[in-house]
Structures are given as structure tokens and as C-alpha cells.
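Enquirer: Dropping in final-v8.json, which is JSON, C-alpha atoms and all ligand atoms:
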[["chain", "number", "residue", "atom", "x", "y", "z"],
["A", 1472, "MET", "CA", -2.03, 115.05, 18.05],
["A", 1473, "ALA", "CA", 1.51, 116.06, 17.15],
["A", 1474, "GLU", "CA", 2.07, 118.24, 14.14],
["A", 1475, "LYS", "CA", 2.65, 116.15, 10.99],
["A", 1476, "LYS", "CA", 5.96, 116.93, 9.34],
["A", 1477, "ALA", "CA", 7.18, 116.19, 5.82],
["A", 1478, "PHE", "CA", 9.94, 117.53, 3.55],
["A", 1479, "VAL", "CA", 11.45, 117.72, 0.11],
["A", 1480, "THR", "CA", 15.17, 117.17, -0.24],
["A", 1481, "GLY", "CA", 17.50, 117.77, -3.15],
["A", 1482, "HIS", "CA", 20.75, 119.60, -3.81],
["A", 1483, "PRO", "CA", 20.18, 122.44, -4.49],
["A", 1484, "ILE", "CA", 16.58, 122.68, -3.32],
["A", 1485, "ALA", "CA", 15.88, 126.41, -2.89],
["A", 1486, "HIS", "CA", 13.94, 126.64, -6.17],
["A", 1487, "SER", "CA", 11.67, 123.66, -5.53],
["A", 1488, "ARG", "CA", 7.97, 124.45, -5.92],
["A", 1489, "SER", "CA", 6.90, 121.50, -3.78],
["A", 1490, "PRO", "CA", 6.70, 123.52, -0.51],
["A", 1491, "LYS", "CA", 4.23, 125.88, -2.21],
["A", 1492, "ILE", "CA", 2.10, 123.01, -3.49],
["A", 1493, "HIS", "CA", 1.95, 121.15, -0.17],
["A", 1494, "GLY", "CA", 1.66, 124.39, 1.81],
["A", 1495, "HIS", "CA", -1.38, 125.32, -0.29],
["A", 1496, "TRP", "CA", -3.03, 121.97, 0.48],
["A", 1497, "LEU", "CA", -2.16, 122.06, 4.20],
["A", 1498, "ALA", "CA", -3.85, 125.47, 4.51],
["A", 1499, "LYS", "CA", -6.79, 124.52, 2.28],
["A", 1500, "TYR", "CA", -7.61, 121.37, 4.28],
["A", 1501, "GLY", "CA", -6.80, 122.91, 7.69],
["A", 1502, "ILE", "CA", -4.18, 120.26, 8.51],
["A", 1503, "ASP", "CA", -1.77, 120.78, 11.40],
["A", 1504, "GLY", "CA", 1.37, 120.02, 9.44],
["A", 1505, "THR", "CA", 4.50, 121.36, 7.79],
["A", 1506, "TYR", "CA", 6.33, 120.63, 4.56],
["A", 1507, "GLN", "CA", 9.80, 122.10, 4.33],
["A", 1508, "ALA", "CA", 12.66, 122.12, 1.83],
["A", 1509, "ILE", "CA", 15.83, 120.60, 3.25],
["A", 1510, "ASP", "CA", 19.08, 120.85, 1.32],
["A", 1511, "VAL", "CA", 21.09, 117.66, 1.77],
["A", 1512, "ARG", "CA", 24.41, 117.05, 0.05],
["A", 1513, "PRO", "CA", 24.73, 113.67, -1.69],
["A", 1514, "GLU", "CA", 27.31, 112.45, 0.82],
["A", 1515, "ASP", "CA", 24.93, 113.25, 3.69],
["A", 1516, "LEU", "CA", 21.81, 111.60, 2.28],
["A", 1517, "ALA", "CA", 22.22, 108.26, 4.10],
["A", 1518, "ALA", "CA", 22.60, 109.98, 7.48],
["A", 1519, "PHE", "CA", 19.65, 112.25, 6.76],
["A", 1520, "LEU", "CA", 17.37, 109.35, 5.84],
["A", 1521, "GLY", "CA", 18.52, 107.47, 8.93],
["A", 1522, "SER", "CA", 17.48, 110.38, 11.15],
["A", 1523, "LEU", "CA", 13.91, 110.89, 9.91],
["A", 1524, "ASP", "CA", 12.21, 109.08, 12.77],
["A", 1525, "LYS", "CA", 14.24, 110.96, 15.39],
["A", 1526, "SER", "CA", 13.43, 114.28, 13.69],
["A", 1527, "GLY", "CA", 9.70, 113.54, 13.77],
["A", 1528, "LEU", "CA", 9.48, 113.52, 9.97],
["A", 1529, "ARG", "CA", 6.85, 111.17, 8.50],
["A", 1530, "GLY", "CA", 8.38, 111.20, 5.05],
["A", 1531, "GLY", "CA", 8.95, 113.42, 2.09],
["A", 1532, "ASN", "CA", 9.92, 113.86, -1.50],
["A", 1533, "VAL", "CA", 13.36, 113.40, -2.97],
["A", 1534, "THR", "CA", 14.47, 115.13, -6.13],
["A", 1535, "ILE", "CA", 17.59, 115.73, -8.21],
["A", 1536, "PRO", "CA", 20.24, 114.43, -7.57],
["A", 1537, "HIS", "CA", 18.93, 112.00, -4.92],
["A", 1538, "LYS", "CA", 16.29, 109.87, -6.65],
["A", 1539, "GLU", "CA", 18.54, 106.96, -7.53],
["A", 1540, "THR", "CA", 20.64, 107.05, -4.34],
["A", 1541, "ALA", "CA", 17.49, 107.08, -2.23],
["A", 1542, "PHE", "CA", 16.27, 104.09, -4.23],
["A", 1543, "ALA", "CA", 19.32, 102.17, -2.97],
["A", 1544, "LEU", "CA", 19.02, 103.44, 0.62],
["A", 1545, "VAL", "CA", 15.38, 102.71, 1.50],
["A", 1546, "ASP", "CA", 14.32, 99.54, 3.33],
["A", 1547, "ARG", "CA", 11.45, 98.68, 0.99],
["A", 1548, "ARG", "CA", 10.11, 99.95, -2.34],
["A", 1549, "ASP", "CA", 6.76, 100.00, -4.06],
["A", 1550, "GLU", "CA", 6.31, 98.23, -7.38],
["A", 1551, "ALA", "CA", 6.62, 101.35, -9.54],
["A", 1552, "ALA", "CA", 9.90, 102.34, -7.86],
["A", 1553, "GLU", "CA", 11.30, 98.85, -8.55],
["A", 1554, "ILE", "CA", 10.39, 99.10, -12.21],
["A", 1555, "ILE", "CA", 11.53, 102.70, -12.68],
["A", 1556, "GLY", "CA", 14.71, 102.32, -10.60],
["A", 1557, "ALA", "CA", 14.24, 105.61, -8.75],
["A", 1558, "VAL", "CA", 12.17, 106.92, -5.84],
["A", 1559, "ASN", "CA", 10.62, 110.36, -5.39],
["A", 1560, "THR", "CA", 8.41, 109.71, -2.34],
["A", 1561, "LEU", "CA", 9.45, 108.37, 1.07],
["A", 1562, "TRP", "CA", 7.38, 107.39, 4.07],
["A", 1563, "LEU", "CA", 7.96, 105.67, 7.40],
["A", 1564, "GLU", "CA", 5.72, 102.79, 8.35],
["A", 1565, "ASP", "CA", 6.34, 101.05, 11.68],
["A", 1566, "GLY", "CA", 9.98, 102.13, 11.59],
["A", 1567, "VAL", "CA", 10.47, 100.84, 8.03],
["A", 1568, "LEU", "CA", 11.55, 103.41, 5.43],
["A", 1569, "TRP", "CA", 9.57, 102.96, 2.21],
["A", 1570, "GLY", "CA", 10.41, 104.47, -1.17],
["A", 1571, "GLY", "CA", 7.83, 104.90, -3.90],
["A", 1572, "ASN", "CA", 7.69, 106.51, -7.29],
["A", 1573, "SER", "CA", 4.76, 108.77, -8.17],
["A", 1574, "ASP", "CA", 6.33, 110.48, -11.20],
["A", 1575, "TRP", "CA", 4.51, 108.06, -13.50],
["A", 1576, "ILE", "CA", 1.22, 108.89, -11.74],
["A", 1577, "GLY", "CA", 2.00, 112.57, -12.30],
["A", 1578, "PHE", "CA", 2.58, 112.01, -15.99],
["A", 1579, "ALA", "CA", -0.62, 109.98, -16.50],
["A", 1580, "GLY", "CA", -2.69, 112.28, -14.26],
["A", 1581, "ASN", "CA", -1.62, 115.34, -16.23],
["A", 1582, "LEU", "CA", -2.67, 113.82, -19.56],
["A", 1583, "ASP", "CA", -5.90, 112.45, -18.02],
["A", 1584, "GLN", "CA", -6.77, 116.00, -16.98],
["A", 1585, "TYR", "CA", -5.89, 117.84, -20.19],
["A", 1586, "ALA", "CA", -6.13, 115.18, -22.93],
["A", 1587, "PRO", "CA", -8.68, 112.57, -21.78],
["A", 1588, "GLY", "CA", -8.51, 109.35, -23.79],
["A", 1589, "TRP", "CA", -4.85, 110.01, -24.66],
["A", 1590, "ALA", "CA", -3.71, 106.44, -24.12],
["A", 1591, "ALA", "CA", -5.85, 105.19, -27.02],
["A", 1592, "ASN", "CA", -4.23, 107.65, -29.43],
["A", 1593, "GLY", "CA", -1.77, 105.23, -31.00],
["A", 1594, "PRO", "CA", 1.99, 104.71, -30.97],
["A", 1595, "ALA", "CA", 4.01, 106.91, -28.61],
["A", 1596, "VAL", "CA", 7.43, 108.43, -29.30],
["A", 1597, "VAL", "CA", 9.44, 109.17, -26.16],
["A", 1598, "LEU", "CA", 12.48, 111.46, -26.47],
["A", 1599, "GLY", "CA", 15.19, 110.65, -23.91],
["A", 1600, "ALA", "CA", 16.30, 107.59, -21.97],
["A", 1601, "GLY", "CA", 17.04, 108.82, -18.44],
["A", 1602, "GLY", "CA", 15.14, 108.50, -15.17],
["A", 1603, "ALA", "CA", 12.26, 110.67, -16.31],
["A", 1604, "SER", "CA", 11.90, 108.57, -19.44],
["A", 1605, "ARG", "CA", 11.59, 105.41, -17.34],
["A", 1606, "ALA", "CA", 8.72, 106.94, -15.35],
["A", 1607, "VAL", "CA", 6.97, 107.97, -18.59],
["A", 1608, "ILE", "CA", 7.41, 104.55, -20.20],
["A", 1609, "HIS", "CA", 6.04, 102.87, -17.08],
["A", 1610, "ALA", "CA", 2.97, 105.13, -17.26],
["A", 1611, "LEU", "CA", 2.48, 104.35, -20.95],
["A", 1612, "LYS", "CA", 2.71, 100.61, -20.29],
["A", 1613, "GLN", "CA", 0.35, 100.84, -17.33],
["A", 1614, "ARG", "CA", -2.17, 102.61, -19.54],
["A", 1615, "GLY", "CA", -1.93, 99.97, -22.25],
["A", 1616, "VAL", "CA", 0.02, 101.83, -24.96],
["A", 1617, "LYS", "CA", 1.20, 99.00, -27.20],
["A", 1618, "ASP", "CA", 3.88, 100.64, -29.35],
["A", 1619, "ILE", "CA", 6.43, 102.78, -27.50],
["A", 1620, "ARG", "CA", 9.39, 104.15, -29.45],
["A", 1621, "ILE", "CA", 12.30, 105.50, -27.40],
["A", 1622, "VAL", "CA", 14.54, 107.94, -29.25],
["A", 1623, "ASN", "CA", 17.84, 108.87, -27.65],
["A", 1624, "ARG", "CA", 21.02, 110.60, -28.78],
["A", 1625, "THR", "CA", 22.96, 107.78, -27.10],
["A", 1626, "LEU", "CA", 21.38, 104.71, -28.67],
["A", 1627, "PRO", "CA", 22.69, 102.12, -26.16],
["A", 1628, "ARG", "CA", 20.78, 103.88, -23.35],
["A", 1629, "ALA", "CA", 17.58, 103.61, -25.36],
["A", 1630, "ARG", "CA", 18.32, 99.92, -26.03],
["A", 1631, "GLU", "CA", 18.85, 99.31, -22.34],
["A", 1632, "LEU", "CA", 15.39, 100.77, -21.60],
["A", 1633, "ALA", "CA", 13.73, 98.85, -24.41],
["A", 1634, "ASP", "CA", 15.17, 95.62, -22.97],
["A", 1635, "ARG", "CA", 14.10, 96.60, -19.48],
["A", 1636, "PHE", "CA", 10.49, 97.29, -20.47],
["A", 1637, "GLY", "CA", 10.17, 94.42, -22.95],
["A", 1638, "ALA", "CA", 7.40, 93.77, -25.44],
["A", 1639, "GLY", "CA", 6.18, 96.74, -27.48],
["A", 1640, "VAL", "CA", 9.10, 99.03, -26.60],
["A", 1641, "SER", "CA", 11.69, 99.79, -29.30],
["A", 1642, "ALA", "CA", 14.93, 101.83, -29.36],
["A", 1643, "HIS", "CA", 16.04, 104.38, -31.94],
["A", 1644, "GLY", "CA", 18.93, 106.80, -32.39],
["A", 1645, "ALA", "CA", 16.96, 109.39, -34.37],
["A", 1646, "VAL", "CA", 13.33, 110.41, -34.90],
["A", 1647, "GLY", "CA", 13.38, 109.76, -38.66],
["A", 1648, "GLU", "CA", 9.99, 108.46, -39.86],
["A", 1649, "LEU", "CA", 8.81, 107.44, -36.39],
["A", 1650, "LEU", "CA", 6.40, 110.38, -36.06],
["A", 1651, "ALA", "CA", 4.39, 109.71, -39.23],
["A", 1652, "ASP", "CA", 1.84, 107.43, -37.50],
["A", 1653, "ALA", "CA", 2.43, 108.45, -33.85],
["A", 1654, "GLY", "CA", -0.42, 109.63, -31.61],
["A", 1655, "LEU", "CA", 1.72, 110.92, -28.76],
["A", 1656, "LEU", "CA", 5.11, 112.67, -28.62],
["A", 1657, "VAL", "CA", 6.74, 113.11, -25.21],
["A", 1658, "ASN", "CA", 9.93, 115.06, -24.48],
["A", 1659, "THR", "CA", 11.67, 113.76, -21.34],
["A", 1660, "THR", "CA", 15.01, 115.47, -22.01],
["A", 1661, "SER", "CA", 16.08, 118.82, -20.63],
["A", 1662, "ILE", "CA", 16.05, 120.35, -24.13],
["A", 1663, "GLY", "CA", 13.94, 123.53, -24.10],
["A", 1664, "MET", "CA", 14.49, 124.23, -20.42],
["A", 1665, "HIS", "CA", 15.27, 127.74, -19.15],
["A", 1666, "GLY", "CA", 15.05, 129.47, -22.51],
["A", 1667, "ASP", "CA", 17.05, 126.91, -24.52],
["A", 1668, "ALA", "CA", 15.59, 127.53, -28.00],
["A", 1669, "THR", "CA", 16.59, 124.11, -29.38],
["A", 1670, "LEU", "CA", 13.72, 121.98, -30.66],
["A", 1671, "ALA", "CA", 13.70, 118.53, -29.02],
["A", 1672, "ALA", "CA", 12.13, 117.16, -32.24],
["A", 1673, "ASP", "CA", 10.22, 118.70, -35.14],
["A", 1674, "PRO", "CA", 6.53, 117.94, -34.52],
["A", 1675, "GLY", "CA", 5.77, 118.83, -38.17],
["A", 1676, "GLY", "CA", 5.83, 115.17, -39.16],
["A", 1677, "LEU", "CA", 3.06, 114.11, -36.75],
["A", 1678, "PRO", "CA", -0.49, 113.30, -37.86],
["A", 1679, "ASP", "CA", -3.25, 115.84, -37.07],
["A", 1680, "HIS", "CA", -4.67, 113.87, -34.12],
["A", 1681, "ALA", "CA", -1.34, 113.68, -32.26],
["A", 1682, "ILE", "CA", -0.85, 115.02, -28.74],
["A", 1683, "VAL", "CA", 2.50, 116.60, -27.79],
["A", 1684, "THR", "CA", 3.65, 116.88, -24.19],
["A", 1685, "ASP", "CA", 6.84, 117.95, -22.45],
["A", 1686, "ILE", "CA", 7.98, 117.18, -18.94],
["A", 1687, "VAL", "CA", 9.88, 120.49, -18.88],
["A", 1688, "TYR", "CA", 7.70, 123.21, -17.29],
["A", 1689, "VAL", "CA", 10.08, 126.17, -17.12],
["A", 1690, "PRO", "CA", 9.13, 127.73, -19.45],
["A", 1691, "LEU", "CA", 5.55, 126.46, -19.59],
["A", 1692, "GLU", "CA", 5.59, 126.65, -23.35],
["A", 1693, "THR", "CA", 8.79, 125.01, -24.53],
["A", 1694, "PRO", "CA", 9.97, 125.40, -28.14],
["A", 1695, "LEU", "CA", 8.57, 121.89, -28.81],
["A", 1696, "LEU", "CA", 5.10, 122.81, -27.50],
["A", 1697, "ALA", "CA", 5.15, 126.13, -29.33],
["A", 1698, "ALA", "CA", 5.98, 124.41, -32.62],
["A", 1699, "ALA", "CA", 3.29, 121.77, -32.04],
["A", 1700, "ARG", "CA", 0.70, 124.41, -31.24],
["A", 1701, "ALA", "CA", 1.65, 126.41, -34.35],
["A", 1702, "ARG", "CA", 1.11, 123.20, -36.32],
["A", 1703, "GLY", "CA", -2.41, 122.94, -34.82],
["A", 1704, "LEU", "CA", -1.71, 119.96, -32.55],
["A", 1705, "LYS", "CA", -3.05, 119.38, -29.04],
["A", 1706, "THR", "CA", -0.37, 120.19, -26.45],
["A", 1707, "VAL", "CA", -0.07, 119.55, -22.70],
["A", 1708, "ASP", "CA", 2.63, 121.31, -20.69],
["A", 1709, "GLY", "CA", 4.65, 119.64, -17.96],
["A", 1710, "LEU", "CA", 3.40, 121.54, -14.93],
["A", 1711, "GLY", "CA", 0.52, 119.14, -14.32],
["A", 1712, "MET", "CA", 3.00, 116.28, -13.92],
["A", 1713, "LEU", "CA", 4.63, 118.13, -11.02],
["A", 1714, "LEU", "CA", 1.24, 118.84, -9.43],
["A", 1715, "HIS", "CA", -0.15, 115.32, -9.84],
["A", 1716, "GLN", "CA", 3.02, 113.53, -8.64],
["A", 1717, "ALA", "CA", 2.61, 115.38, -5.32],
["A", 1718, "VAL", "CA", -0.80, 113.81, -4.57],
["A", 1719, "PRO", "CA", 0.22, 110.32, -3.30],
["A", 1720, "GLY", "CA", 2.82, 111.70, -0.87],
["A", 1721, "PHE", "CA", 0.45, 114.27, 0.61],
["A", 1722, "GLU", "CA", -2.16, 111.58, 1.14],
["A", 1723, "ARG", "CA", 0.33, 109.29, 2.91],
["A", 1724, "TRP", "CA", 1.81, 111.89, 5.26],
["A", 1725, "PHE", "CA", -1.24, 113.98, 5.97],
["A", 1726, "GLY", "CA", -4.14, 111.54, 5.52],
["A", 1727, "LYS", "CA", -6.11, 113.46, 2.91],
["A", 1728, "LYS", "CA", -6.16, 112.99, -0.87],
["A", 1729, "PRO", "CA", -5.66, 116.52, -2.22],
["A", 1730, "GLU", "CA", -7.16, 117.96, -5.39],
["A", 1731, "VAL", "CA", -5.21, 119.42, -8.29],
["A", 1732, "THR", "CA", -7.34, 122.49, -8.96],
["A", 1733, "PRO", "CA", -7.07, 125.39, -11.44],
["A", 1734, "GLU", "CA", -6.44, 127.61, -8.39],
["A", 1735, "LEU", "CA", -3.34, 125.58, -7.44],
["A", 1736, "ARG", "CA", -2.11, 125.65, -11.02],
["A", 1737, "ARG", "CA", -2.58, 129.42, -11.25],
["A", 1738, "MET", "CA", -0.56, 129.89, -8.08],
["A", 1739, "ILE", "CA", 2.39, 127.87, -9.38],
["A", 1740, "VAL", "CA", 2.17, 129.48, -12.84],
["A", 1741, "ALA", "CA", 2.44, 132.89, -11.17],
["A", 1742, "ASP", "CA", 5.51, 131.65, -9.34],
["A", 1743, "ILE", "CA", 7.13, 130.38, -12.56],
["A", 1744, "GLU", "CA", 6.29, 133.50, -14.52],
["A", 1745, "GLY", "CA", 7.01, 135.88, -11.65],
["B", 1801, "LIG", "P1", 16.62, 112.48, -16.11],
["B", 1801, "LIG", "O1", 16.80, 111.54, -14.96],
["B", 1801, "LIG", "O2", 16.12, 113.84, -15.71],
["B", 1801, "LIG", "O3", 15.81, 111.89, -17.20],
["B", 1801, "LIG", "P2", 19.24, 111.94, -17.29],
["B", 1801, "LIG", "O4", 19.26, 110.56, -16.74],
["B", 1801, "LIG", "O5", 20.44, 112.79, -17.16],
["B", 1801, "LIG", "O6", 18.08, 112.83, -16.63],
["B", 1801, "LIG", "O7", 18.78, 111.86, -18.82],
["B", 1801, "LIG", "C1", 18.76, 112.98, -19.62],
["B", 1801, "LIG", "C2", 18.20, 112.60, -21.00],
["B", 1801, "LIG", "O8", 18.17, 113.77, -21.80],
["B", 1801, "LIG", "C3", 19.05, 111.61, -21.75],
["B", 1801, "LIG", "O9", 18.21, 110.86, -22.59],
["B", 1801, "LIG", "C4", 19.96, 112.52, -22.57],
["B", 1801, "LIG", "O10", 20.49, 111.91, -23.73],
["B", 1801, "LIG", "P3", 21.85, 111.03, -23.67],
["B", 1801, "LIG", "O11", 21.48, 109.72, -23.02],
["B", 1801, "LIG", "O12", 22.27, 110.89, -25.06],
["B", 1801, "LIG", "O13", 22.81, 111.83, -22.82],
["B", 1801, "LIG", "C5", 18.98, 113.59, -22.95],
["B", 1801, "LIG", "N1", 19.60, 114.86, -23.31],
["B", 1801, "LIG", "C6", 20.02, 115.84, -22.48],
["B", 1801, "LIG", "N2", 20.53, 116.87, -23.15],
["B", 1801, "LIG", "C7", 20.41, 116.56, -24.48],
["B", 1801, "LIG", "C8", 20.73, 117.24, -25.70],
["B", 1801, "LIG", "N3", 21.28, 118.44, -25.69],
["B", 1801, "LIG", "N4", 20.46, 116.60, -26.86],
["B", 1801, "LIG", "C9", 19.91, 115.38, -26.88],
["B", 1801, "LIG", "N5", 19.58, 114.70, -25.76],
["B", 1801, "LIG", "C10", 19.83, 115.27, -24.57]]
Is it possible to give me this structure as C-alpha cells?

Expert:
Amino acid sequence: MAEKKAFVTGHPIAHSRSPKIHGHWLAKYGIDGTYQAIDVRPEDLAAFLGSLDKSGLRGGNVTIPHKETAFALVDRRDEAAEIIGAVNTLWLEDGVLWGGNSDWIGFAGNLDQYAPGWAANGPAVVLGAGGASRAVIHALKQRGVKDIRIVNRTLPRARELADRFGAGVSAHGAVGELLADAGLLVNTTSIGMHGDATLAADPGGLPDHAIVTDIVYVPLETPLLAAARARGLKTVDGLGMLLHQAVPGFERWFGKKPEVTPELRRMIVADIEG
């Protein structure tokens, strides 16, 4: 059988860790396949997606800045992509280009692994109202979290999301007293990334049973997670979200559901810290 080929595209894409993740699984499961990073400029994305079949590519991942453009360009979308308004996984099926979103699966899978039972922990406070926030809110709703509080610097964006997700989701312009009874605090903004020492929110006001997680994973311990840990709270870093979101795509393109193992995590941690 012909070699199975998949890709990740973004702009820039050189620093993507996805080729390492999928390459690890391809080798581990002895699959005759490739997964390569392809840099595509925004203005070339439509032509690139139109040429997948001809290039022998079965599908791939799309990342910044293509997730919302790809959403508009695909022929069909899965339910999560429709709700979130962005795609991160593409696959061809009988000549039809499908777009799906597995970021929410990555978020839930990461907490399932490191904080089992998390969804029953009580109200959730979500910092940020962009694409990543939509994936997180979808995951929270899917897992039955009943009280989701979106906090965003630009309040109208939070309101837009609260309207989009409906019952149980509220919008706020500041954290204020929202943490006092919260069981989960999630940072979906880029605050804390690449050595930014700003605190996305002060976790000091959270109850003792609260879990704090960040979707930023460079550095692995963001200022928010460091402050939460110092306060004695359970923390989960964002790397697991990246690892778990990769699972559905790999299974579609290569026909094997891969495992997110400590060995895989160690390999990517070494890459981040190296
Ligand atoms: P993504 O798709 O990765 O979520 P995005 O759509 O650009 O990215 O959203 C970024 C989010 O981070 C937004 O909620 C943004 O707040 P605004 O809507 O007010 O812009 C938030 N964000 C980014 N930098 C921030 C900062 N320095 N302080 C507060 N919020 C910030």
C-alpha cells in the first residue's frame, strides 16, 4: 500500500512540535507514513487545500493563523468545529475535504489524565474570549460544567461567547469575586507565554479544592501555574492539551489510535526545555 502522508500547516510553522509527536507515533506503531510541516502563507491556503488529493496527502493539522480560514474553506465540518468556529484537523473522505476540531478533546483529555473528576469540581472561570476559549468552553459544556464564567479584557467579546454558548455561560470584564467559589480556573490567553511574567489572574482568591490550568505550555510552568502551586492548589500545564488534540487526526490518517504516554511527554518536554 502507498505510504500514508499527512501534514501540519501554519505560518510560520518551523517551531511546531506536531511533527515530533506524530513522528514518534509513526515509528512506535511501525506505520509506513510521513507527517511533515508545510509553511503556507494565508493567501495561498485555499490553493494548498485544493491540492491535497493531487499531492497524495490524506489530511493534516492546521494551526495559527489558519484555523478560522480553513473553517471557511472546507467542504464539510464536524459538530465541534461548527460550534467552535475553527478547525484544527483536516481529512479527505471520498474526495470531500472535512474539517474537525479536536482542541476541545485535547483540553478535556489533559484534565482527565492529570486531574480525574475535574468536571465535577464546581464553577469554572475561563480567562480569554478568543478561539482557544471557544474550544475550552465547548469542552466544559460537553463535560456538564453548569456554571462557566468568561472573563475578558474586552467585555463585548466575552458577551458574544456567552450568547453563543447559551445557558450557564456568563460574561465578565474582570475577575473580581468570581474565584471565591470556583473549582476550575483556565487561562486561554497568551499571558505568561515565552517568559512574560504577567499573572493572568491572581489564584489567591480560589478555594483550596480548585484546579488551575493554562493552555500556554512554553514555559511549562507559567506565572499563573507557579502562583497556584505556591498557594497549594492542583495545577495542570498545557502540554497535555497539545498531545491529546493530536490523537483524533493520527487515528483518521494512519488508522491507529495512538497513546499519550509519559515517554512522549518527556520527549516534548526535552524539546521545550532544550
Ligand atoms: P486565540 O485564538 O489563541 O484564543 P485570540 O482570538 O487572539 O487568540 O484571543 C486572544 C485572547 O487573549 C483574547 O481574549 C484577548 O483579550 P481581548 O479580547 O481583550 O483582546 C486575550 N489577551 C491577549 N493578550 C492579553 C493581555 N495582555 N491582557 C489581557 N488579555 C489578553

Enquirer: Around ligand LIG 1801 (chain B), at most 10 Å away and counting all atoms listed in the file, which residues are there? Put them as a PyMOL selection string, please.

Expert: chain A and resi 1534-1536+1538-1539+1557+1597-1607+1621-1629+1644+1658-1664+1667+1669-1672+1686-1687

Enquirer: Counting all atoms listed in the file, what is within 7 Å of Lys1728 of chain A, bar same-chain residues fewer than 6 positions away, as a PyMOL selection string?

Expert: chain A and resi 1718+1721-1722

Enquirer: With C-alpha atoms kept, could you save the residues just selected as a PDB file, in the frame of the given file?

Expert:
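Written out: part-v5.pdb:
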ATOM      1  CA  VAL A1718      -0.800 113.810  -4.570  1.00  0.00           C
ATOM      2  CA  PHE A1721       0.450 114.270   0.610  1.00  0.00           C
ATOM      3  CA  GLU A1722      -2.160 111.580   1.140  1.00  0.00           C
TER       4      GLU A1722
END

Enquirer: I'd like the contact shell of Tyr1500 of chain A - 12 Å cut-off, only C-alpha atoms, skipping same-chain residues fewer than 4 positions apart - returned as a PyMOL selection string.

Expert: chain A and resi 1493-1496+1504+1721-1722+1725-1730

Enquirer: How far is it from atom CA of Thr1560 of chain A to atom CA of Arg1635 of chain A, in Å with one decimal?

Expert: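 One can read the atom CA of Thr1560 of chain A to atom CA of Arg1635 of chain A distance as 22.3 Å.
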
Enquirer: Could you check which of A:Leu1528, A:Val1731, A:Leu1632, A:Ala1485 is closest to Gly1556 of chain A, using only C-alpha atoms?

Expert: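 The answer is A:Leu1632, which sits nearest to Gly1556 of chain A.
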
Enquirer: For Ile1509 of chain A, which of A:Leu1656, A:Val1689, A:Leu1523, A:Val1479 is the closest residue, counting all atoms listed in the file?

Expert: A:Val1479

Enquirer: Between segment 1567-1651 of chain A and segment 1699-1715 of chain A, at 12 Å or less, what are the per-residue closest atom pairs and their distances in Å? Count all atoms listed in the file, order by chain and rising residue number, and return it as JSON lines.

Expert:
{"residue": "A:Ser1573", "atom": "CA", "partner": "A:His1715", "partner_atom": "CA", "distance": 8.4}
{"residue": "A:Asp1574", "atom": "CA", "partner": "A:Met1712", "partner_atom": "CA", "distance": 7.2}
{"residue": "A:Trp1575", "atom": "CA", "partner": "A:Met1712", "partner_atom": "CA", "distance": 8.4}
{"residue": "A:Ile1576", "atom": "CA", "partner": "A:His1715", "partner_atom": "CA", "distance": 6.8}
{"residue": "A:Gly1577", "atom": "CA", "partner": "A:Met1712", "partner_atom": "CA", "distance": 4.2}
{"residue": "A:Phe1578", "atom": "CA", "partner": "A:Met1712", "partner_atom": "CA", "distance": 4.8}
{"residue": "A:Ala1579", "atom": "CA", "partner": "A:Met1712", "partner_atom": "CA", "distance": 7.7}
{"residue": "A:Gly1580", "atom": "CA", "partner": "A:His1715", "partner_atom": "CA", "distance": 5.9}
{"residue": "A:Asn1581", "atom": "CA", "partner": "A:Gly1711", "partner_atom": "CA", "distance": 4.8}
{"residue": "A:Leu1582", "atom": "CA", "partner": "A:Val1707", "partner_atom": "CA", "distance": 7.0}
{"residue": "A:Asp1583", "atom": "CA", "partner": "A:Gly1711", "partner_atom": "CA", "distance": 10.0}
{"residue": "A:Gln1584", "atom": "CA", "partner": "A:Gly1711", "partner_atom": "CA", "distance": 8.4}
{"residue": "A:Tyr1585", "atom": "CA", "partner": "A:Val1707", "partner_atom": "CA", "distance": 6.6}
{"residue": "A:Ala1586", "atom": "CA", "partner": "A:Val1707", "partner_atom": "CA", "distance": 7.5}
{"residue": "A:Pro1587", "atom": "CA", "partner": "A:Val1707", "partner_atom": "CA", "distance": 11.1}
{"residue": "A:Trp1589", "atom": "CA", "partner": "A:Lys1705", "partner_atom": "CA", "distance": 10.5}
{"residue": "A:Asn1592", "atom": "CA", "partner": "A:Lys1705", "partner_atom": "CA", "distance": 11.8}
{"residue": "A:Ala1603", "atom": "CA", "partner": "A:Met1712", "partner_atom": "CA", "distance": 11.1}
{"residue": "A:Ala1606", "atom": "CA", "partner": "A:Met1712", "partner_atom": "CA", "distance": 11.0}
{"residue": "A:Val1607", "atom": "CA", "partner": "A:Met1712", "partner_atom": "CA", "distance": 10.3}
{"residue": "A:Ala1610", "atom": "CA", "partner": "A:Met1712", "partner_atom": "CA", "distance": 11.6}

Enquirer: Quick check, in Å to one decimal: how far apart do atom CA of Gly1530 of chain A and atom CA of Asp1503 of chain A lie?

Expert: 15.3 Å

Enquirer: Find the residues near Glu1514 of chain A: any atom within 12 Å, counting all atoms listed in the file, skip ones fewer than 2 places away on the same chain, and give them as a CSV table (one decimal) with C-alpha atoms, keeping the file's coordinate frame.

Expert:
chain,number,residue,atom,x,y,z
A,1481,GLY,CA,17.5,117.8,-3.2
A,1482,HIS,CA,20.8,119.6,-3.8
A,1510,ASP,CA,19.1,120.8,1.3
A,1511,VAL,CA,21.1,117.7,1.8
A,1512,ARG,CA,24.4,117.0,0.0
A,1516,LEU,CA,21.8,111.6,2.3
A,1517,ALA,CA,22.2,108.3,4.1
A,1518,ALA,CA,22.6,110.0,7.5
A,1519,PHE,CA,19.6,112.2,6.8
A,1520,LEU,CA,17.4,109.4,5.8
A,1536,PRO,CA,20.2,114.4,-7.6
A,1537,HIS,CA,18.9,112.0,-4.9
A,1540,THR,CA,20.6,107.0,-4.3
A,1541,ALA,CA,17.5,107.1,-2.2

Enquirer: Using only C-alpha atoms, which of the listed residues (A:Ala1681, A:Val1545, A:Ala1717, A:Val1740) sits closest to Pro1490 of chain A?

Expert: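 Looking at the shortest contact to Pro1490 of chain A, the residue is A:Ala1717.
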
Enquirer: Have a look at A:Gln1507, A:Ser1641, A:Gln1613, A:Asn1559 and name the one nearest to Pro1594 of chain A; count all atoms listed in the file.

Expert: A:Ser1641

Enquirer: If I wrap all listed atoms of segment 1616-1630 of chain A in a box with edges along x, y and z and add 6 Å on each side, what are its centre and edge lengths in Å to one decimal, as AutoDock Vina command-line options?

Expert:
--center_x 11.5 --center_y 104.8 --center_z -26.4 --size_x 34.9 --size_y 23.6 --size_z 18.1

Enquirer: Counting only C-alpha atoms, find residues at most 6 Å from (5.6, 107.0, -25.1) (file frame) and give them as a list of chain:residue names.

Expert: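 Residues satisfying the cut-off, written out: A:Ala1595, A:Val1596, A:Val1597, A:Ile1608, A:Leu1611, A:Ile1619.
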
Enquirer: Closest to His1643 of chain A among A:Lys1612, A:Gln1716, A:Arg1620, A:Ser1487, using all atoms listed in the file?

Expert: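 Smallest distance to His1643 of chain A is found for A:Arg1620.
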
Enquirer: One decimal, in Å: what's the spacing between atom CA of Gly1501 of chain A and atom CA of Ser1489 of chain A?

Expert: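 These atoms are spaced 17.9 Å apart.
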
Enquirer: For Arg1630 of chain A, which residue out of A:Ala1642, A:Leu1696, A:Val1567, A:Gly1720 is the nearest one, using all atoms listed in the file?

Expert: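 Nearest to Arg1630 of chain A: A:Ala1642.
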